[in-house]
Amino acid sequence: MATSRSILPFFLLFQTICAAKDEYKSDMGGAIACRGDCGTRDTTEKYTGVVRLCVVEKNQDPREKVCEGSTATMIEKDIVASEAHVIGFSKEESVWAACCDSAGDHSATVCSYGTDSQSNDMRGKEVYIADGEDTTSIAKTKIIGKVTKFGVRSTGLPPGYDIFVGYVDRNCQYCLSSAQQPTIKPIPLANSYPKQNADATWVFTAGTGDTDPENSKWRGRSYAYRQYSPQKLGKAIGSPFNSGENCRRQPVPMNNRDGNPLAVADTSGSPVIIKSCDSDALHGFHGNGESGWCTDGEIMENGKEYLCEVLQLVQSQKKWIGKKIKQWTGRTVMLDACSASGTRSIDDDTFDVEQYGCRTDSSMIKGDGGDPGSVNVCKAKGYTGESSASSSLTVSFSAIVLVVIIAFFF
């Protein structure tokens with residue numbers, strides 16, 4: 001009997017170790033997701049440009065609490081990008097209104113953190129940047145910057161915009177000294193769209209999502225470190241809406257097949273990285289889920305429902321983001337994966353794909369319409385995406401939109 005009692009604790013420990021990766025019914029509309037070690041941990045520092053936002057009260061020391069925020073990507077040494085809703089610009093906000101931050105783009109409201117900010121939850125808050133390597137505890141979190149200026153394109157649900165770009169002060173009051181700062185390799189914006197069925201890599205910094213109702217025994221924070229998973233861009237870039245700007249979004253069924261992993265909660269703003277001229281380039285962001293952009297066959301199986309992610313793509317935003325980089329830093333060049341010098345001129349108006357302005361939500365809705373059962377494929381030069389019977393969209397305009405958890409809590 002003594003032998004049996006001594007073996008039991010070891011057996012339970014073994015079960016716990018083996019359960020580090022867990023498929024479960026998530027609080028993202030009940031979609032099946034993964035929590036725990038859902039990807040490969042980035043122990044070789046392949047994706048150091050993928051970082052974590054840390055949201056705190058104004059004038060609060062971010063080193064005094066566990067980092068609460070979401071995944072973001074350094075696209076320059078001092079410029080960060082993610083989705084707008086991770087800093088509170090979301091249609092779910094009671095005070096939200098479509099807003100844009102780019103000179104000359106229609107008459108949409110400029111996004112702000114003032115007393116009338118569209119981001120109600122972010123009033124009186126500040127945003128810091130932590131190294132994405134490990135934010136499982138206060139001791140392991142490394143503060144490497146503070147967002148001091150930002151621009152947002154937030155114009156509603158897909159195919160509306162959900163983009164945030166900000167200037168990062170790498171010498172902030174609470175930052176590690178320059179000698180202590182980890183190496184951060186920025187990931188430049190992609191120039192063109194990858195062909196359909198291209199391979200990509202999804203990188204995220206947390207898998208802390210809970211069940212609905214919450215499970216008090218789930219220690220999600222234990223997995224808040226940088227991981228990556230393969231991604232297959234099998235569905236056409238396009239939109240079910242009849243807009244002339246159909247290269248803003250790309251649906252991805254997160255169904256643990258078709259070359260894609262399960263969805264992971266708490267990963268809004270996490271990047272999808274493609275190879276461009278043999279270098280890493282940022283293709284788009286996870287963070288918006290909407291069932292109407294994938295077929296039932298892609299997201300329903302054996303009574304289980306999986307998440308249909310609608311990636312926010314960045315290729316058509318290089319002109320706008322370049323203007324912000326120049327405005328904030330005074331630099332006249334931005335990183336470029338395909339340039340021999342590694343940079344391109346910000347003032348050069350020649351782009352591989354059409355550059356889009358930012359429309360208000362109202363003008364977007366009036367102009368787009370929609371045709372259930374079809375997809376208007378991106379018509380960019382060189383893009384080879386095709387809409388077929390197997391990849392056409394079954395669109396329901398009353399479908400509930402699943403935003404993949406705004407990853408800070410107040």
# chains A, B, ... in the order shown; residues from 1 in each chain; ligands from 1
call {"tool": "residues_around", "arguments": {"residues": "region 338-350 of chain A", "least_positions_apart": "2", "cutoff": "7 Å", "atoms": "only C-alpha atoms", "output": "compact mmCIF listing (two decimals) with C-alpha atoms, in the first residue's frame"}}
result
# COMPACT_ATOMS: atom_id res chain seq x y z
CA SER A 276 8.93 38.21 -48.87
CA CYS A 277 12.20 38.28 -50.84
CA GLY A 322 4.97 55.82 -43.53
CA THR A 332 12.46 59.84 -44.49
CA VAL A 333 12.87 56.05 -44.88
CA MET A 334 11.05 53.01 -43.53
CA LEU A 335 12.09 49.36 -43.36
CA ASP A 336 11.45 47.28 -46.46
CA ASP A 352 3.42 47.34 -55.23
call {"tool": "residues_around", "arguments": {"residues": "region 149-159 of chain A", "least_positions_apart": "4", "cutoff": "9 Å", "atoms": "only C-alpha atoms", "output": "NGL selection string"}}
result
:A and (83-85 or 89-91 or 97-102 or 110-112 or 163-168 or 238-241 or 246 or 248-249 or 288-290 or 310-312 or 321 or 324 or 328 or 358-362 or 364 or 401)
call {"tool": "write_last_selection", "arguments": {"atoms": "C-alpha atoms", "output": "CSV table (one decimal), in the first residue's frame"}}
result
chain,number,residue,atom,x,y,z
A,83,GLU,CA,-5.2,46.1,-34.0
A,84,ALA,CA,-7.1,49.2,-32.8
A,85,HIS,CA,-9.4,47.3,-30.5
A,89,PHE,CA,-11.1,51.4,-30.1
A,90,SER,CA,-13.9,48.9,-30.7
A,91,LYS,CA,-17.5,49.0,-32.0
A,97,ALA,CA,-17.4,56.3,-33.4
A,98,ALA,CA,-15.5,55.6,-36.6
A,99,CYS,CA,-12.1,57.4,-36.5
A,100,CYS,CA,-9.1,57.8,-38.6
A,101,ASP,CA,-5.7,59.5,-38.1
A,102,SER,CA,-4.3,60.5,-41.5
A,110,VAL,CA,-9.2,61.8,-35.3
A,111,CYS,CA,-8.8,59.2,-32.6
A,112,SER,CA,-7.7,60.4,-29.2
A,163,ILE,CA,-5.4,49.1,-37.1
A,164,PHE,CA,-3.3,50.8,-34.5
A,165,VAL,CA,0.2,52.2,-35.0
A,166,GLY,CA,2.3,54.0,-32.4
A,167,TYR,CA,5.6,55.7,-31.6
A,168,VAL,CA,7.6,53.9,-28.8
A,238,GLY,CA,-11.3,39.6,-50.6
A,239,SER,CA,-14.6,40.6,-49.2
A,240,PRO,CA,-18.3,39.7,-49.5
A,241,PHE,CA,-19.0,43.4,-49.8
A,246,ASN,CA,-11.3,44.3,-51.5
A,248,ARG,CA,-8.1,44.7,-46.7
A,249,ARG,CA,-9.1,41.3,-45.3
A,288,ASN,CA,-11.6,39.7,-35.6
A,289,GLY,CA,-13.7,36.5,-35.8
A,290,GLU,CA,-16.8,36.4,-37.9
A,310,VAL,CA,-10.7,37.6,-40.6
A,311,LEU,CA,-7.2,38.9,-40.8
A,312,GLN,CA,-6.6,42.7,-40.9
A,321,ILE,CA,2.0,54.3,-41.7
A,324,LYS,CA,3.1,58.6,-39.3
A,328,TRP,CA,6.9,61.2,-35.3
A,358,CYS,CA,-9.7,55.6,-44.5
A,359,ARG,CA,-13.5,55.9,-44.9
A,360,THR,CA,-15.9,56.5,-42.1
A,361,ASP,CA,-18.1,53.6,-41.0
A,362,SER,CA,-21.2,55.3,-42.5
A,364,MET,CA,-18.4,52.2,-45.8
A,401,VAL,CA,-19.2,38.8,-34.7
call {"tool": "closest_residue", "arguments": {"among": "A:Gly145, A:Gly259, A:Pro186, A:Gly357", "to": "Gln317 (chain A)", "atoms": "only C-alpha atoms"}}
result
A:Gly357
call {"tool": "residues_around", "arguments": {"residues": "Cys34 (chain A)", "least_positions_apart": "5", "cutoff": "7 Å", "atoms": "only C-alpha atoms", "output": "list of chain:residue names"}}
result
A:Lys21, A:Asp22, A:Glu23, A:Tyr24, A:Leu262, A:Ala263, A:Val264
call {"tool": "atom_distance", "arguments": {"atom1": "CA of Cys308 (chain A)", "atom2": "CA of Val51 (chain A)"}}
result
24.2 Å
call {"tool": "atom_distance", "arguments": {"atom1": "CA of Gly88 (chain A)", "atom2": "CA of Lys185 (chain A)"}}
result
26.7 Å
call {"tool": "residues_around", "arguments": {"residues": "Thr48 (chain A)", "least_positions_apart": "3", "cutoff": "10 Å", "atoms": "only C-alpha atoms", "output": "ChimeraX atom specification"}}
result
/A:42,44-45,51,73-74,131-133,182-187,226
call {"tool": "residues_around", "arguments": {"residues": "region 137-143 of chain A", "least_positions_apart": "2", "cutoff": "12 Å", "atoms": "only C-alpha atoms", "output": "ChimeraX atom specification"}}
result
/A:51-55,61-68,127-135,145-147,168-178,180-183,219-225
call {"tool": "write_last_selection", "arguments": {"atoms": "N, CA and C atoms", "output": "compact mmCIF listing (two decimals), in the first residue's frame"}}
result
# COMPACT_ATOMS: atom_id res chain seq x y z
N VAL A 51 5.96 41.62 -29.57
CA VAL A 51 6.05 42.12 -28.20
C VAL A 51 4.67 42.10 -27.54
N ARG A 52 4.63 42.64 -26.34
CA ARG A 52 3.38 42.66 -25.58
C ARG A 52 3.07 44.09 -25.11
N LEU A 53 1.83 44.52 -25.28
CA LEU A 53 1.40 45.80 -24.72
C LEU A 53 1.08 45.62 -23.24
N CYS A 54 1.42 46.61 -22.44
CA CYS A 54 1.10 46.61 -21.01
C CYS A 54 0.35 47.90 -20.68
N VAL A 55 -0.91 47.76 -20.32
CA VAL A 55 -1.76 48.92 -20.05
C VAL A 55 -1.85 49.15 -18.54
N ASP A 61 3.64 52.79 -12.29
CA ASP A 61 4.84 52.07 -12.68
C ASP A 61 4.43 50.70 -13.24
N PRO A 62 4.68 50.44 -14.53
CA PRO A 62 4.25 49.17 -15.12
C PRO A 62 4.97 47.97 -14.56
N ARG A 63 6.04 48.18 -13.81
CA ARG A 63 6.80 47.09 -13.22
C ARG A 63 6.18 46.59 -11.93
N GLU A 64 5.11 47.24 -11.48
CA GLU A 64 4.49 46.90 -10.21
C GLU A 64 3.34 45.90 -10.35
N LYS A 65 2.98 45.53 -11.57
CA LYS A 65 1.86 44.61 -11.75
C LYS A 65 2.13 43.70 -12.94
N VAL A 66 1.42 42.58 -12.98
CA VAL A 66 1.53 41.68 -14.12
C VAL A 66 1.01 42.39 -15.36
N CYS A 67 1.73 42.24 -16.44
CA CYS A 67 1.42 42.94 -17.69
C CYS A 67 0.03 42.56 -18.20
N GLU A 68 -0.83 43.55 -18.37
CA GLU A 68 -2.16 43.35 -18.94
C GLU A 68 -2.22 44.08 -20.27
N VAL A 127 0.16 53.19 -22.11
CA VAL A 127 0.51 51.92 -22.74
C VAL A 127 2.02 51.77 -22.83
N TYR A 128 2.54 50.69 -22.26
CA TYR A 128 3.97 50.37 -22.32
C TYR A 128 4.17 49.14 -23.21
N ILE A 129 5.42 48.91 -23.58
CA ILE A 129 5.79 47.76 -24.40
C ILE A 129 6.69 46.85 -23.57
N ALA A 130 6.35 45.57 -23.53
CA ALA A 130 7.19 44.58 -22.86
C ALA A 130 7.77 43.62 -23.89
N ASP A 131 8.97 43.15 -23.64
CA ASP A 131 9.55 42.09 -24.45
C ASP A 131 8.58 40.91 -24.44
N GLY A 132 8.26 40.38 -25.63
CA GLY A 132 7.29 39.30 -25.70
C GLY A 132 7.81 37.94 -25.27
N GLU A 133 9.08 37.85 -24.94
CA GLU A 133 9.68 36.56 -24.60
C GLU A 133 8.95 35.88 -23.45
N ASP A 134 8.64 36.65 -22.39
CA ASP A 134 8.05 36.04 -21.20
C ASP A 134 7.41 37.12 -20.34
N THR A 135 6.08 37.08 -20.20
CA THR A 135 5.39 38.00 -19.29
C THR A 135 4.55 37.20 -18.31
N GLY A 145 9.73 49.93 -23.62
CA GLY A 145 9.29 51.17 -24.26
C GLY A 145 7.94 51.62 -23.76
N LYS A 146 7.59 52.84 -24.15
CA LYS A 146 6.28 53.42 -23.81
C LYS A 146 5.70 54.06 -25.07
N VAL A 147 4.42 53.78 -25.34
CA VAL A 147 3.76 54.39 -26.50
C VAL A 147 3.37 55.81 -26.13
N VAL A 168 7.12 54.53 -30.11
CA VAL A 168 7.58 53.95 -28.85
C VAL A 168 8.83 54.66 -28.36
N ASP A 169 8.75 55.25 -27.18
CA ASP A 169 9.92 55.83 -26.52
C ASP A 169 10.69 54.70 -25.85
N ARG A 170 11.85 54.35 -26.42
CA ARG A 170 12.65 53.23 -25.90
C ARG A 170 13.50 53.66 -24.70
N ASN A 171 13.46 54.92 -24.33
CA ASN A 171 14.23 55.42 -23.18
C ASN A 171 13.30 55.99 -22.11
N CYS A 172 12.16 55.35 -21.93
CA CYS A 172 11.18 55.86 -20.99
C CYS A 172 11.64 55.70 -19.54
N GLN A 173 10.93 56.34 -18.64
CA GLN A 173 11.30 56.35 -17.23
C GLN A 173 11.45 54.95 -16.64
N TYR A 174 10.55 54.04 -17.02
CA TYR A 174 10.56 52.70 -16.43
C TYR A 174 11.19 51.64 -17.34
N CYS A 175 11.77 52.08 -18.44
CA CYS A 175 12.38 51.14 -19.38
C CYS A 175 13.71 50.60 -18.87
N LEU A 176 14.06 49.41 -19.33
CA LEU A 176 15.41 48.92 -19.11
C LEU A 176 16.40 49.88 -19.76
N SER A 177 17.59 49.96 -19.20
CA SER A 177 18.61 50.82 -19.80
C SER A 177 18.99 50.26 -21.16
N SER A 178 19.59 51.08 -21.99
CA SER A 178 19.96 50.64 -23.33
C SER A 178 20.88 49.42 -23.28
N GLN A 180 20.77 47.06 -21.09
CA GLN A 180 20.00 45.90 -20.64
C GLN A 180 18.91 45.48 -21.62
N GLN A 181 18.62 46.34 -22.59
CA GLN A 181 17.52 46.04 -23.50
C GLN A 181 17.81 44.80 -24.33
N PRO A 182 16.82 43.92 -24.48
CA PRO A 182 17.01 42.74 -25.33
C PRO A 182 17.06 43.14 -26.80
N THR A 183 17.60 42.29 -27.62
CA THR A 183 17.64 42.54 -29.06
C THR A 183 16.23 42.40 -29.63
N ARG A 219 -4.57 28.07 -14.81
CA ARG A 219 -3.46 29.00 -14.58
C ARG A 219 -2.94 29.50 -15.93
N GLY A 220 -3.77 30.25 -16.61
CA GLY A 220 -3.43 30.71 -17.95
C GLY A 220 -2.18 31.57 -18.01
N ARG A 221 -1.93 32.32 -16.95
CA ARG A 221 -0.77 33.20 -16.96
C ARG A 221 0.54 32.44 -17.13
N SER A 222 0.53 31.17 -16.80
CA SER A 222 1.74 30.35 -16.91
C SER A 222 2.20 30.18 -18.35
N TYR A 223 1.34 30.55 -19.32
CA TYR A 223 1.67 30.36 -20.72
C TYR A 223 1.83 31.67 -21.48
N ALA A 224 2.01 32.77 -20.74
CA ALA A 224 2.13 34.09 -21.36
C ALA A 224 3.55 34.34 -21.84
N TYR A 225 3.91 33.64 -22.90
CA TYR A 225 5.22 33.83 -23.53
C TYR A 225 5.07 33.66 -25.03
call {"tool": "closest_residue", "arguments": {"among": "A:Ala72, A:Trp293, A:Asn191, A:Gly234", "to": "Ser279 (chain A)", "atoms": "only C-alpha atoms"}}
result
A:Asn191
call {"tool": "closest_residue", "arguments": {"among": "A:Glu126, A:Asp199, A:Asp258, A:Glu354", "to": "Ile274 (chain A)", "atoms": "only C-alpha atoms"}}
result
A:Asp199
call {"tool": "atom_distance", "arguments": {"atom1": "CA of Ser119 (chain A)", "atom2": "CA of Ser94 (chain A)"}}
result
8.9 Å
call {"tool": "closest_residue", "arguments": {"among": "A:Asn255, A:Thr43, A:Asn260, A:Thr329", "to": "Glu301 (chain A)", "atoms": "only C-alpha atoms"}}
result
A:Asn255
call {"tool": "decode", "arguments": {"residues": "region 59-174 of chain A", "atoms": "C-alpha atoms", "output": "compact mmCIF listing (two decimals), in the first residue's frame"}}
result
# COMPACT_ATOMS: atom_id res chain seq x y z
CA ASN A 59 1.56 57.63 -13.89
CA GLN A 60 1.58 54.02 -12.64
CA ASP A 61 4.84 52.07 -12.68
CA PRO A 62 4.25 49.17 -15.12
CA ARG A 63 6.80 47.09 -13.22
CA GLU A 64 4.49 46.90 -10.21
CA LYS A 65 1.86 44.61 -11.75
CA VAL A 66 1.53 41.68 -14.12
CA CYS A 67 1.42 42.94 -17.69
CA GLU A 68 -2.16 43.35 -18.94
CA GLY A 69 -2.36 43.94 -22.66
CA SER A 70 -2.18 42.23 -26.00
CA THR A 71 0.23 41.14 -28.71
CA ALA A 72 1.81 43.76 -30.97
CA THR A 73 4.62 43.92 -33.53
CA MET A 74 7.59 46.26 -33.76
CA ILE A 75 7.71 47.26 -37.43
CA GLU A 76 10.57 49.71 -36.81
CA LYS A 77 12.96 50.05 -33.89
CA ASP A 78 10.56 52.59 -32.37
CA ILE A 79 7.24 51.95 -34.14
CA VAL A 80 4.69 49.39 -33.01
CA ALA A 81 1.57 48.12 -34.79
CA SER A 82 -1.41 46.03 -33.75
CA GLU A 83 -5.20 46.11 -33.97
CA ALA A 84 -7.12 49.16 -32.81
CA HIS A 85 -9.44 47.31 -30.46
CA VAL A 86 -6.53 46.18 -28.25
CA ILE A 87 -6.21 49.80 -27.09
CA GLY A 88 -9.96 50.16 -26.68
CA PHE A 89 -11.11 51.36 -30.11
CA SER A 90 -13.92 48.92 -30.71
CA LYS A 91 -17.49 48.99 -31.98
CA GLU A 92 -18.46 47.36 -28.69
CA GLU A 93 -17.53 50.60 -26.89
CA SER A 94 -20.60 52.65 -25.91
CA VAL A 95 -18.88 55.86 -27.02
CA TRP A 96 -17.23 54.42 -30.13
CA ALA A 97 -17.38 56.30 -33.41
CA ALA A 98 -15.48 55.63 -36.62
CA CYS A 99 -12.15 57.44 -36.48
CA CYS A 100 -9.08 57.83 -38.64
CA ASP A 101 -5.72 59.48 -38.14
CA SER A 102 -4.28 60.46 -41.51
CA ALA A 103 -4.17 63.90 -43.04
CA GLY A 104 -6.58 64.40 -45.91
CA ASP A 105 -8.53 61.16 -45.50
CA HIS A 106 -12.16 62.25 -45.73
CA SER A 107 -13.54 63.88 -42.60
CA ALA A 108 -13.49 61.08 -40.06
CA THR A 109 -12.83 61.98 -36.45
CA VAL A 110 -9.21 61.83 -35.30
CA CYS A 111 -8.80 59.17 -32.62
CA SER A 112 -7.68 60.42 -29.20
CA TYR A 113 -7.40 59.60 -25.51
CA GLY A 114 -9.04 62.84 -24.44
CA THR A 115 -12.13 63.15 -22.27
CA ASP A 116 -14.26 62.51 -25.36
CA SER A 117 -12.14 59.59 -26.55
CA GLN A 118 -13.83 56.82 -28.51
CA SER A 119 -11.86 54.45 -26.25
CA ASN A 120 -13.83 54.73 -23.03
CA ASP A 121 -11.78 52.12 -21.16
CA MET A 122 -8.48 53.78 -22.06
CA ARG A 123 -9.25 57.22 -20.63
CA GLY A 124 -6.61 57.92 -18.00
CA LYS A 125 -4.44 54.98 -19.08
CA GLU A 126 -0.92 54.61 -20.48
CA VAL A 127 0.51 51.92 -22.74
CA TYR A 128 3.97 50.37 -22.32
CA ILE A 129 5.79 47.76 -24.40
CA ALA A 130 7.19 44.58 -22.86
CA ASP A 131 9.55 42.09 -24.45
CA GLY A 132 7.29 39.30 -25.70
CA GLU A 133 9.68 36.56 -24.60
CA ASP A 134 8.05 36.04 -21.20
CA THR A 135 5.39 38.00 -19.29
CA THR A 136 4.30 35.17 -17.01
CA SER A 137 5.24 37.15 -13.90
CA ILE A 138 6.28 40.61 -12.77
CA ALA A 139 9.87 39.43 -12.27
CA LYS A 140 10.19 38.10 -15.82
CA THR A 141 8.56 41.05 -17.59
CA LYS A 142 10.98 43.43 -19.30
CA ILE A 143 9.67 46.92 -20.07
CA ILE A 144 11.37 48.15 -23.26
CA GLY A 145 9.29 51.17 -24.26
CA LYS A 146 6.28 53.42 -23.81
CA VAL A 147 3.76 54.39 -26.50
CA THR A 148 3.71 58.18 -26.50
CA LYS A 149 1.97 58.91 -29.83
CA PHE A 150 -0.43 56.83 -31.86
CA GLY A 151 -2.72 56.71 -34.86
CA VAL A 152 -5.76 54.52 -35.36
CA ARG A 153 -7.94 53.40 -38.23
CA SER A 154 -11.09 52.05 -36.61
CA THR A 155 -14.11 51.97 -38.91
CA GLY A 156 -16.17 49.02 -37.80
CA LEU A 157 -16.46 45.29 -38.22
CA PRO A 158 -14.77 43.47 -41.13
CA PRO A 159 -14.18 44.64 -43.79
CA GLY A 160 -13.83 47.83 -41.74
CA TYR A 161 -10.43 48.87 -40.42
CA ASP A 162 -9.01 47.72 -37.07
CA ILE A 163 -5.43 49.08 -37.09
CA PHE A 164 -3.28 50.82 -34.51
CA VAL A 165 0.24 52.19 -35.01
CA GLY A 166 2.26 54.00 -32.36
CA TYR A 167 5.58 55.67 -31.59
CA VAL A 168 7.58 53.95 -28.85
CA ASP A 169 9.92 55.83 -26.52
CA ARG A 170 12.65 53.23 -25.90
CA ASN A 171 14.23 55.42 -23.18
CA CYS A 172 11.18 55.86 -20.99
CA GLN A 173 11.30 56.35 -17.23
CA TYR A 174 10.56 52.70 -16.43
